[in-house]
$ cat query19.txt   # compact mmCIF, C-alpha atoms and all ligand atoms
# COMPACT_ATOMS: atom_id res chain seq x y z
CA MET G 1 39.99 -39.05 -45.85
CA ASP G 2 38.67 -40.98 -42.88
CA HIS G 3 35.29 -42.60 -43.00
CA SER G 4 32.88 -40.79 -40.74
CA PRO G 5 32.15 -42.78 -37.58
CA THR G 6 29.25 -45.13 -38.12
CA MET G 7 26.43 -46.27 -35.93
CA VAL G 8 27.00 -49.94 -36.72
CA ASN G 9 26.48 -52.07 -33.62
CA THR G 10 29.40 -54.45 -34.10
CA ALA G 11 28.82 -56.31 -30.82
CA SER G 12 25.25 -57.08 -31.83
CA TYR G 13 26.41 -58.04 -35.33
CA GLN G 14 29.02 -60.45 -33.96
CA GLU G 15 26.44 -62.07 -31.70
CA ILE G 16 23.96 -62.56 -34.54
CA LYS G 17 26.74 -63.70 -36.87
CA LYS G 18 27.82 -66.35 -34.38
CA LEU G 19 24.32 -67.71 -33.90
CA THR G 20 23.50 -67.78 -37.62
CA ALA G 21 26.84 -69.36 -38.53
CA GLU G 22 26.30 -72.12 -35.96
CA ARG G 23 22.90 -72.88 -37.48
CA ASN G 24 23.99 -72.56 -41.12
CA VAL G 25 21.67 -69.61 -41.57
CA THR G 26 22.55 -66.88 -44.09
CA LEU G 27 22.54 -63.44 -42.51
CA VAL G 28 21.37 -60.65 -44.79
CA ALA G 29 22.26 -57.28 -43.26
CA VAL G 30 19.44 -54.90 -44.17
CA SER G 31 20.99 -51.52 -44.90
CA LYS G 32 18.05 -49.50 -46.22
CA PHE G 33 18.27 -45.76 -45.41
CA LYS G 34 21.78 -46.28 -44.04
CA PRO G 35 24.83 -44.56 -45.55
CA VAL G 36 27.45 -46.38 -47.62
CA GLU G 37 29.95 -45.82 -44.78
CA ASP G 38 27.90 -48.14 -42.55
CA ILE G 39 27.84 -50.83 -45.21
CA GLN G 40 31.57 -50.41 -45.78
CA ALA G 41 32.19 -50.78 -42.03
CA LEU G 42 30.41 -54.13 -42.00
CA TYR G 43 32.08 -55.13 -45.25
CA ASP G 44 35.44 -54.48 -43.60
CA LEU G 45 34.46 -57.02 -40.93
CA GLY G 46 34.03 -59.55 -43.74
CA HIS G 47 30.30 -59.29 -44.33
CA ARG G 48 29.09 -59.67 -47.92
CA ASP G 49 25.27 -60.13 -47.94
CA PHE G 50 23.31 -56.88 -47.82
CA GLY G 51 19.59 -56.25 -48.31
CA GLU G 52 17.90 -53.17 -49.75
CA ASN G 53 14.26 -52.20 -50.32
CA PHE G 54 14.43 -49.46 -52.92
CA VAL G 55 15.77 -49.69 -56.45
CA GLN G 56 17.26 -46.22 -56.74
CA GLU G 57 18.99 -46.47 -53.38
CA LEU G 58 20.30 -49.91 -54.25
CA THR G 59 21.76 -48.91 -57.62
CA MET G 60 23.46 -45.91 -56.02
CA LYS G 61 25.03 -48.12 -53.36
CA TYR G 62 25.96 -50.79 -55.90
CA GLU G 63 27.92 -48.17 -57.86
CA ALA G 64 29.67 -46.84 -54.76
CA LEU G 65 30.64 -50.07 -53.01
CA PRO G 66 32.86 -53.12 -53.66
CA LYS G 67 31.64 -55.36 -56.45
CA ASP G 68 31.85 -58.62 -54.51
CA ILE G 69 28.91 -57.63 -52.31
CA ARG G 70 25.91 -59.95 -52.74
CA TRP G 71 22.93 -57.62 -53.01
CA HIS G 72 19.52 -58.90 -51.95
CA PHE G 73 16.39 -57.07 -53.03
CA ILE G 74 13.91 -57.49 -50.17
CA GLY G 75 11.34 -54.79 -50.91
CA HIS G 76 8.27 -54.67 -53.08
CA LEU G 77 9.67 -54.68 -56.61
CA GLN G 78 7.78 -52.91 -59.39
CA SER G 79 8.01 -54.57 -62.79
CA ASN G 80 9.16 -51.40 -64.53
CA LYS G 81 12.21 -51.19 -62.26
CA VAL G 82 13.55 -54.72 -62.66
CA LYS G 83 15.84 -53.63 -65.48
CA TYR G 84 17.93 -51.43 -63.18
CA ILE G 85 18.95 -54.26 -60.85
CA ALA G 86 18.90 -57.23 -63.26
CA PRO G 87 22.59 -56.96 -64.23
CA PHE G 88 23.90 -57.46 -60.69
CA ILE G 89 21.23 -58.57 -58.20
CA HIS G 90 22.13 -61.71 -56.22
CA LEU G 91 18.67 -62.67 -54.95
CA ILE G 92 15.20 -61.12 -55.25
CA HIS G 93 13.24 -62.11 -52.14
CA GLY G 94 9.77 -60.72 -52.65
CA VAL G 95 8.42 -62.04 -55.95
CA ASP G 96 4.67 -61.79 -55.50
CA SER G 97 3.15 -61.99 -58.99
CA GLU G 98 3.57 -63.84 -62.26
CA LYS G 99 3.81 -60.52 -64.02
CA LEU G 100 6.90 -59.70 -61.99
CA LEU G 101 8.36 -63.15 -62.58
CA ALA G 102 7.87 -62.72 -66.33
CA GLU G 103 9.60 -59.35 -66.26
CA ILE G 104 12.54 -60.71 -64.24
CA ASN G 105 12.83 -63.49 -66.80
CA LYS G 106 12.84 -60.96 -69.65
CA GLN G 107 15.53 -58.83 -68.02
CA GLY G 108 17.52 -61.94 -67.10
CA ALA G 109 17.55 -62.89 -70.79
CA LYS G 110 18.71 -59.40 -71.77
CA THR G 111 21.63 -59.58 -69.37
CA SER G 112 22.32 -63.28 -70.06
CA ARG G 113 21.71 -64.18 -66.45
CA GLN G 114 19.55 -66.63 -64.60
CA ILE G 115 18.23 -64.48 -61.77
CA GLU G 116 17.62 -66.18 -58.46
CA CYS G 117 14.25 -65.43 -56.85
CA LEU G 118 12.14 -66.35 -53.84
CA LEU G 119 8.37 -66.48 -53.98
CA GLN G 120 6.80 -64.37 -51.26
CA VAL G 121 4.10 -66.20 -49.36
CA HIS G 122 1.42 -64.32 -47.48
CA ILE G 123 1.48 -65.72 -43.93
CA ALA G 124 0.51 -62.70 -41.81
CA MET G 125 -2.90 -61.68 -40.59
CA GLU G 126 -2.54 -58.19 -42.04
CA GLU G 127 -4.27 -57.64 -45.36
CA THR G 128 -1.65 -55.20 -46.54
CA LYS G 129 1.28 -57.58 -46.83
CA PHE G 130 2.14 -58.73 -50.34
CA GLY G 131 2.51 -62.30 -51.44
CA PHE G 132 0.98 -65.43 -52.91
CA ASP G 133 -1.24 -67.70 -50.87
CA GLU G 134 -0.27 -71.36 -50.52
CA ASP G 135 -2.45 -72.60 -53.38
CA GLU G 136 -1.04 -70.01 -55.74
CA VAL G 137 2.52 -71.04 -54.89
CA LEU G 138 1.66 -74.69 -55.52
CA THR G 139 0.06 -73.89 -58.86
CA LEU G 140 2.90 -71.66 -59.98
CA LEU G 141 5.63 -74.16 -59.08
CA THR G 142 3.72 -76.93 -60.82
CA GLN G 143 3.47 -74.80 -63.95
CA ILE G 144 7.15 -73.85 -63.86
CA ASN G 145 8.36 -77.39 -63.30
CA SER G 146 6.09 -78.91 -65.94
CA GLY G 147 7.27 -76.36 -68.47
CA GLU G 148 3.77 -74.95 -68.83
CA ALA G 149 5.13 -71.62 -67.67
CA ALA G 150 8.68 -71.23 -68.91
CA TYR G 151 11.00 -68.79 -67.19
CA PRO G 152 14.44 -70.03 -68.26
CA ASN G 153 16.19 -66.93 -66.99
CA VAL G 154 14.74 -67.21 -63.50
CA LEU G 155 15.74 -69.69 -60.83
CA VAL G 156 13.13 -70.00 -58.11
CA SER G 157 15.26 -71.15 -55.19
CA GLY G 158 12.87 -70.83 -52.28
CA LEU G 159 10.25 -68.96 -50.31
CA MET G 160 10.11 -65.75 -48.29
CA GLY G 161 7.61 -64.64 -45.70
CA MET G 162 6.90 -61.97 -43.14
CA ALA G 163 5.05 -62.72 -39.94
CA SER G 164 2.36 -60.53 -38.43
CA PHE G 165 3.50 -57.39 -36.69
CA THR G 166 2.58 -58.46 -33.17
CA PRO G 167 4.46 -59.13 -29.94
CA ASP G 168 2.49 -62.37 -29.57
CA GLU G 169 5.10 -65.07 -30.12
CA ASN G 170 2.43 -67.75 -30.44
CA ILE G 171 1.03 -66.07 -33.52
CA VAL G 172 4.41 -65.33 -35.06
CA GLY G 173 5.71 -68.82 -34.30
CA ALA G 174 2.62 -70.45 -35.82
CA GLU G 175 3.00 -68.39 -39.00
CA PHE G 176 6.65 -69.36 -39.36
CA LYS G 177 5.77 -72.99 -38.72
CA LYS G 178 3.14 -72.86 -41.44
CA LEU G 179 5.63 -71.48 -43.95
CA PHE G 180 8.27 -74.05 -42.97
CA THR G 181 5.75 -76.86 -43.46
CA LEU G 182 4.89 -75.58 -46.92
CA PHE G 183 8.60 -75.19 -47.71
CA THR G 184 9.52 -78.74 -46.71
CA SER G 185 6.59 -80.26 -48.60
CA LEU G 186 7.61 -78.37 -51.76
CA GLN G 187 11.27 -79.19 -51.26
CA ALA G 188 10.40 -82.87 -51.36
CA LYS G 189 9.03 -82.31 -54.89
CA TYR G 190 11.36 -79.67 -56.26
CA ALA G 191 15.05 -80.09 -55.58
CA SER G 192 15.85 -76.52 -56.64
CA LEU G 193 14.18 -75.11 -53.53
CA ASN G 194 16.68 -74.59 -50.75
CA VAL G 195 16.18 -71.09 -49.33
CA LEU G 196 13.64 -70.17 -46.67
CA SER G 197 13.93 -66.45 -45.95
CA MET G 198 12.08 -65.57 -42.76
CA GLY G 199 12.97 -63.59 -39.65
CA MET G 200 13.84 -59.93 -38.96
CA SER G 201 15.32 -58.09 -35.96
CA GLY G 202 12.31 -58.69 -33.75
CA ASP G 203 11.66 -62.33 -34.55
CA TYR G 204 14.78 -63.91 -36.05
CA LYS G 205 15.47 -66.27 -33.14
CA LEU G 206 11.95 -67.63 -33.38
CA ALA G 207 12.26 -67.88 -37.16
CA ILE G 208 15.47 -69.92 -36.91
CA GLN G 209 13.86 -72.14 -34.31
CA GLU G 210 11.03 -72.76 -36.79
CA GLY G 211 13.37 -73.67 -39.64
CA SER G 212 14.48 -70.48 -41.38
CA ASN G 213 17.82 -70.64 -43.18
CA MET G 214 18.02 -66.97 -44.18
CA VAL G 215 17.30 -63.99 -41.93
CA ARG G 216 17.02 -60.33 -42.90
CA ILE G 217 18.24 -58.11 -40.08
CA GLY G 218 18.44 -54.33 -40.12
CA SER G 219 17.94 -52.37 -36.93
CA LEU G 220 19.77 -54.75 -34.58
CA ILE G 221 22.89 -54.23 -36.69
CA PHE G 222 22.61 -50.71 -38.07
CA GLY G 223 20.45 -49.07 -35.39
CA ASN G 224 16.97 -47.64 -35.73
CA ARG G 225 15.95 -46.08 -39.01
C1 LIG G 301 13.27 -53.55 -43.40
C2 LIG G 301 13.08 -54.98 -43.62
C3 LIG G 301 13.77 -55.93 -42.83
C4 LIG G 301 14.66 -55.55 -41.66
O1 LIG G 301 13.89 -55.09 -40.61
P1 LIG G 301 14.49 -54.94 -39.11
O2 LIG G 301 13.31 -55.04 -38.24
O3 LIG G 301 15.15 -53.60 -39.08
O4 LIG G 301 15.46 -56.04 -38.91
C5 LIG G 301 13.58 -57.27 -43.13
N1 LIG G 301 12.78 -57.68 -44.13
C6 LIG G 301 12.11 -56.79 -44.90
C7 LIG G 301 11.24 -57.31 -45.98
C8 LIG G 301 12.22 -55.43 -44.66
O5 LIG G 301 11.52 -54.57 -45.41
$ encode --input "query19.txt" --output "structure tokens"
Amino acid sequence: MDHSPTMVNTASYQEIKKLTAERNVTLVAVSKFKPVEDIQALYDLGHRDFGENFVQELTMKYEALPKDIRWHFIGHLQSNKVKYIAPFIHLIHGVDSEKLLAEINKQGAKTSRQIECLLQVHIAMEETKFGFDEDEVLTLLTQINSGEAAYPNVLVSGLMGMASFTPDENIVGAEFKKLFTLFTSLQAKYASLNVLSMGMSGDYKLAIQEGSNMVRIGSLIFGNR
């Protein structure tokens, strides 16, 4: 049976792929709400990093698709759902509470894995966006690295942030700059931090300019949702 034709914008993908590869930026293709055929089409072009926002959708796609895909969880993760993705998840981007970190650690232990995570930092003006503030990130990393808070089955490898939803590039750029500054100052202290996940379809060029090394791009590759 043929795959049904997909809406994947391969020209746009190749353009983004070229730019990110030149800059050593990891491209996470965000496939939420898109069918497995679209993911398979990009996989067939050699792509391996895919991002999803919902646990049930992700586990369904994980079952259906090749096992060498690196799945990124980029949504808001509820503690009671960590167990469903713990056995296979490559990177959890949006860790925004110690409760969640503790649960990821617990499920990592159960599956004998050290699960890689990014701490989500609140950089946007909007109140609704999840994440730690800068002081909370500092405190948490100090506790983890001093052993005061032990999460042996979690590896905190970096930070993630989302800029304000505004066309004003000055605002977005300043928010990315702020996160990059925090990232570099923490990196100087903690060698395990090497991922800075920031930038989506609308602002990825700006994010890379401001120091991002991982972008999460959906609609430019897969079309509107
Ligand atoms: C959906 C989503 C993206 C991708 O958004 P696009 O604008 O389609 O590129 C990136 N990051 C997060 C956290 C998302 O929820």
$ residues_near_ligand --input "query19.txt" --ligand "ligand LIG 301 (chain G)" --cutoff "6 Å" --atoms "only C-alpha atoms and all ligand atoms" --output "NGL selection string"
:G and (30 or 74-75 or 200-202 or 216-219)
$ write_last_selection --input "query19.txt" --atoms "C-alpha atoms" --output "JSON list (two decimals), in the coordinates of the input"
[["chain", "number", "residue", "atom", "x", "y", "z"],
["G", 30, "VAL", "CA", 19.44, -54.90, -44.17],
["G", 74, "ILE", "CA", 13.91, -57.49, -50.17],
["G", 75, "GLY", "CA", 11.34, -54.79, -50.91],
["G", 200, "MET", "CA", 13.84, -59.93, -38.96],
["G", 201, "SER", "CA", 15.32, -58.09, -35.96],
["G", 202, "GLY", "CA", 12.31, -58.69, -33.75],
["G", 216, "ARG", "CA", 17.02, -60.33, -42.90],
["G", 217, "ILE", "CA", 18.24, -58.11, -40.08],
["G", 218, "GLY", "CA", 18.44, -54.33, -40.12],
["G", 219, "SER", "CA", 17.94, -52.37, -36.93]]
$ atom_distance --input "query19.txt" --atom1 "CA of Arg70 (chain G)" --atom2 "CA of His47 (chain G)"
9.5 Å
$ residues_near_point --input "query19.txt" --point "(18.5, -43.0, -52.7)" --cutoff "10 Å" --atoms "only C-alpha atoms" --output "ChimeraX atom specification"
/G:32-35,54-61
$ residues_around --input "query19.txt" --residues "Ile92 (chain G)" --least-positions-apart "4" --cutoff "12 Å" --atoms "all atoms listed in the file" --output "PyMOL selection string"
chain G and resi 50-55+70-78+82+85-86+88+96+100-101+104+114-120+154-160+195+197
$ atom_distance --input "query19.txt" --atom1 "CA of Arg113 (chain G)" --atom2 "CA of Leu186 (chain G)"
24.8 Å
$ atom_distance --input "query19.txt" --atom1 "CA of Gly131 (chain G)" --atom2 "CA of His93 (chain G)"
10.8 Å
$ closest_residue --input "query19.txt" --among "G:Lys83, G:Glu148, G:Thr10, G:Val95" --to "Gly108 (chain G)" --atoms "all atoms listed in the file"
G:Lys83
$ residues_near_point --input "query19.txt" --point "(9.8, -72.8, -68.2)" --cutoff "12 Å" --atoms "all atoms listed in the file" --output "ChimeraX atom specification"
/G:101-102,105,140-156
$ axis_aligned_box --input "query19.txt" --around "region 175-187 of chain G" --padding-each-side "5 Å" --output "lines of an AutoDock Vina configuration file"
center_x = 7.1
center_y = -74.3
center_z = -45.2
size_x = 18.3
size_y = 21.9
size_z = 23.0
$ residues_around --input "query19.txt" --residues "Met214 (chain G)" --least-positions-apart "4" --cutoff "6 Å" --atoms "only C-alpha atoms" --output "PyMOL selection string"
chain G and resi 25-27+196-197
$ build_atoms --input "query19.txt" --residues "region 91-102 of chain G" --atoms "all heavy atoms" --output "mmCIF file, in the frame of the given file"
data_model
loop_
_atom_site.group_PDB
_atom_site.id
_atom_site.type_symbol
_atom_site.label_atom_id
_atom_site.label_comp_id
_atom_site.auth_asym_id
_atom_site.auth_seq_id
_atom_site.Cartn_x
_atom_site.Cartn_y
_atom_site.Cartn_z
ATOM 1 N N LEU G 91 19.895 -61.953 -55.282
ATOM 2 C CA LEU G 91 18.670 -62.670 -54.950
ATOM 3 C C LEU G 91 17.524 -61.678 -54.764
ATOM 4 O O LEU G 91 17.667 -60.697 -54.019
ATOM 5 C CB LEU G 91 18.880 -63.493 -53.673
ATOM 6 C CG LEU G 91 17.698 -64.311 -53.124
ATOM 7 C CD1 LEU G 91 17.257 -65.377 -54.129
ATOM 8 C CD2 LEU G 91 18.072 -64.983 -51.802
ATOM 9 N N ILE G 92 16.407 -61.948 -55.427
ATOM 10 C CA ILE G 92 15.200 -61.120 -55.250
ATOM 11 C C ILE G 92 14.253 -61.893 -54.337
ATOM 12 O O ILE G 92 13.768 -62.969 -54.704
ATOM 13 C CB ILE G 92 14.538 -60.810 -56.612
ATOM 14 C CG1 ILE G 92 15.502 -60.026 -57.513
ATOM 15 C CG2 ILE G 92 13.241 -60.027 -56.397
ATOM 16 C CD1 ILE G 92 14.983 -59.765 -58.928
ATOM 17 N N HIS G 93 14.007 -61.355 -53.141
ATOM 18 C CA HIS G 93 13.240 -62.110 -52.140
ATOM 19 C C HIS G 93 11.726 -62.064 -52.326
ATOM 20 O O HIS G 93 11.048 -63.012 -51.981
ATOM 21 C CB HIS G 93 13.538 -61.570 -50.726
ATOM 22 C CG HIS G 93 14.903 -61.893 -50.214
ATOM 23 N ND1 HIS G 93 15.111 -62.447 -48.983
ATOM 24 C CD2 HIS G 93 16.128 -61.745 -50.769
ATOM 25 C CE1 HIS G 93 16.414 -62.620 -48.780
ATOM 26 N NE2 HIS G 93 17.052 -62.193 -49.848
ATOM 27 N N GLY G 94 11.213 -60.919 -52.793
ATOM 28 C CA GLY G 94 9.770 -60.720 -52.650
ATOM 29 C C GLY G 94 8.957 -60.864 -53.923
ATOM 30 O O GLY G 94 8.077 -60.060 -54.186
ATOM 31 N N VAL G 95 9.192 -61.900 -54.715
ATOM 32 C CA VAL G 95 8.420 -62.040 -55.950
ATOM 33 C C VAL G 95 6.992 -62.449 -55.603
ATOM 34 O O VAL G 95 6.764 -63.489 -54.984
ATOM 35 C CB VAL G 95 9.065 -63.069 -56.906
ATOM 36 C CG1 VAL G 95 8.193 -63.287 -58.128
ATOM 37 C CG2 VAL G 95 10.453 -62.599 -57.312
ATOM 38 N N ASP G 96 6.049 -61.577 -55.955
ATOM 39 C CA ASP G 96 4.670 -61.790 -55.500
ATOM 40 C C ASP G 96 3.648 -61.793 -56.626
ATOM 41 O O ASP G 96 2.446 -61.723 -56.368
ATOM 42 C CB ASP G 96 4.304 -60.734 -54.450
ATOM 43 C CG ASP G 96 4.370 -59.321 -55.005
ATOM 44 O OD1 ASP G 96 4.782 -59.157 -56.168
ATOM 45 O OD2 ASP G 96 4.019 -58.385 -54.274
ATOM 46 N N SER G 97 4.104 -61.872 -57.882
ATOM 47 C CA SER G 97 3.150 -61.990 -58.990
ATOM 48 C C SER G 97 3.837 -62.637 -60.188
ATOM 49 O O SER G 97 5.061 -62.578 -60.329
ATOM 50 C CB SER G 97 2.594 -60.623 -59.395
ATOM 51 O OG SER G 97 3.577 -59.877 -60.084
ATOM 52 N N GLU G 98 3.025 -63.243 -61.040
ATOM 53 C CA GLU G 98 3.570 -63.840 -62.260
ATOM 54 C C GLU G 98 4.044 -62.770 -63.220
ATOM 55 O O GLU G 98 4.981 -62.992 -63.989
ATOM 56 C CB GLU G 98 2.516 -64.727 -62.922
ATOM 57 C CG GLU G 98 2.304 -66.017 -62.162
ATOM 58 C CD GLU G 98 1.532 -67.045 -62.988
ATOM 59 O OE1 GLU G 98 2.026 -67.445 -64.050
ATOM 60 O OE2 GLU G 98 0.436 -67.416 -62.554
ATOM 61 N N LYS G 99 3.402 -61.637 -63.168
ATOM 62 C CA LYS G 99 3.810 -60.520 -64.020
ATOM 63 C C LYS G 99 5.250 -60.120 -63.698
ATOM 64 O O LYS G 99 6.066 -59.900 -64.603
ATOM 65 C CB LYS G 99 2.848 -59.343 -63.775
ATOM 66 C CG LYS G 99 3.185 -58.090 -64.534
ATOM 67 C CD LYS G 99 2.097 -57.038 -64.354
ATOM 68 C CE LYS G 99 2.486 -55.729 -65.026
ATOM 69 N NZ LYS G 99 2.848 -54.672 -64.084
ATOM 70 N N LEU G 100 5.541 -60.052 -62.408
ATOM 71 C CA LEU G 100 6.900 -59.700 -61.990
ATOM 72 C C LEU G 100 7.888 -60.788 -62.384
ATOM 73 O O LEU G 100 8.981 -60.503 -62.872
ATOM 74 C CB LEU G 100 6.919 -59.456 -60.472
ATOM 75 C CG LEU G 100 8.259 -59.081 -59.839
ATOM 76 C CD1 LEU G 100 8.851 -57.843 -60.494
ATOM 77 C CD2 LEU G 100 8.090 -58.854 -58.338
ATOM 78 N N LEU G 101 7.489 -62.030 -62.206
ATOM 79 C CA LEU G 101 8.360 -63.150 -62.580
ATOM 80 C C LEU G 101 8.683 -63.106 -64.073
ATOM 81 O O LEU G 101 9.833 -63.318 -64.486
ATOM 82 C CB LEU G 101 7.645 -64.464 -62.229
ATOM 83 C CG LEU G 101 8.512 -65.686 -61.958
ATOM 84 C CD1 LEU G 101 9.488 -65.443 -60.824
ATOM 85 C CD2 LEU G 101 7.631 -66.885 -61.638
ATOM 86 N N ALA G 102 7.678 -62.806 -64.875
ATOM 87 C CA ALA G 102 7.870 -62.720 -66.330
ATOM 88 C C ALA G 102 8.838 -61.590 -66.690
ATOM 89 O O ALA G 102 9.689 -61.738 -67.571
ATOM 90 C CB ALA G 102 6.528 -62.528 -67.027
#
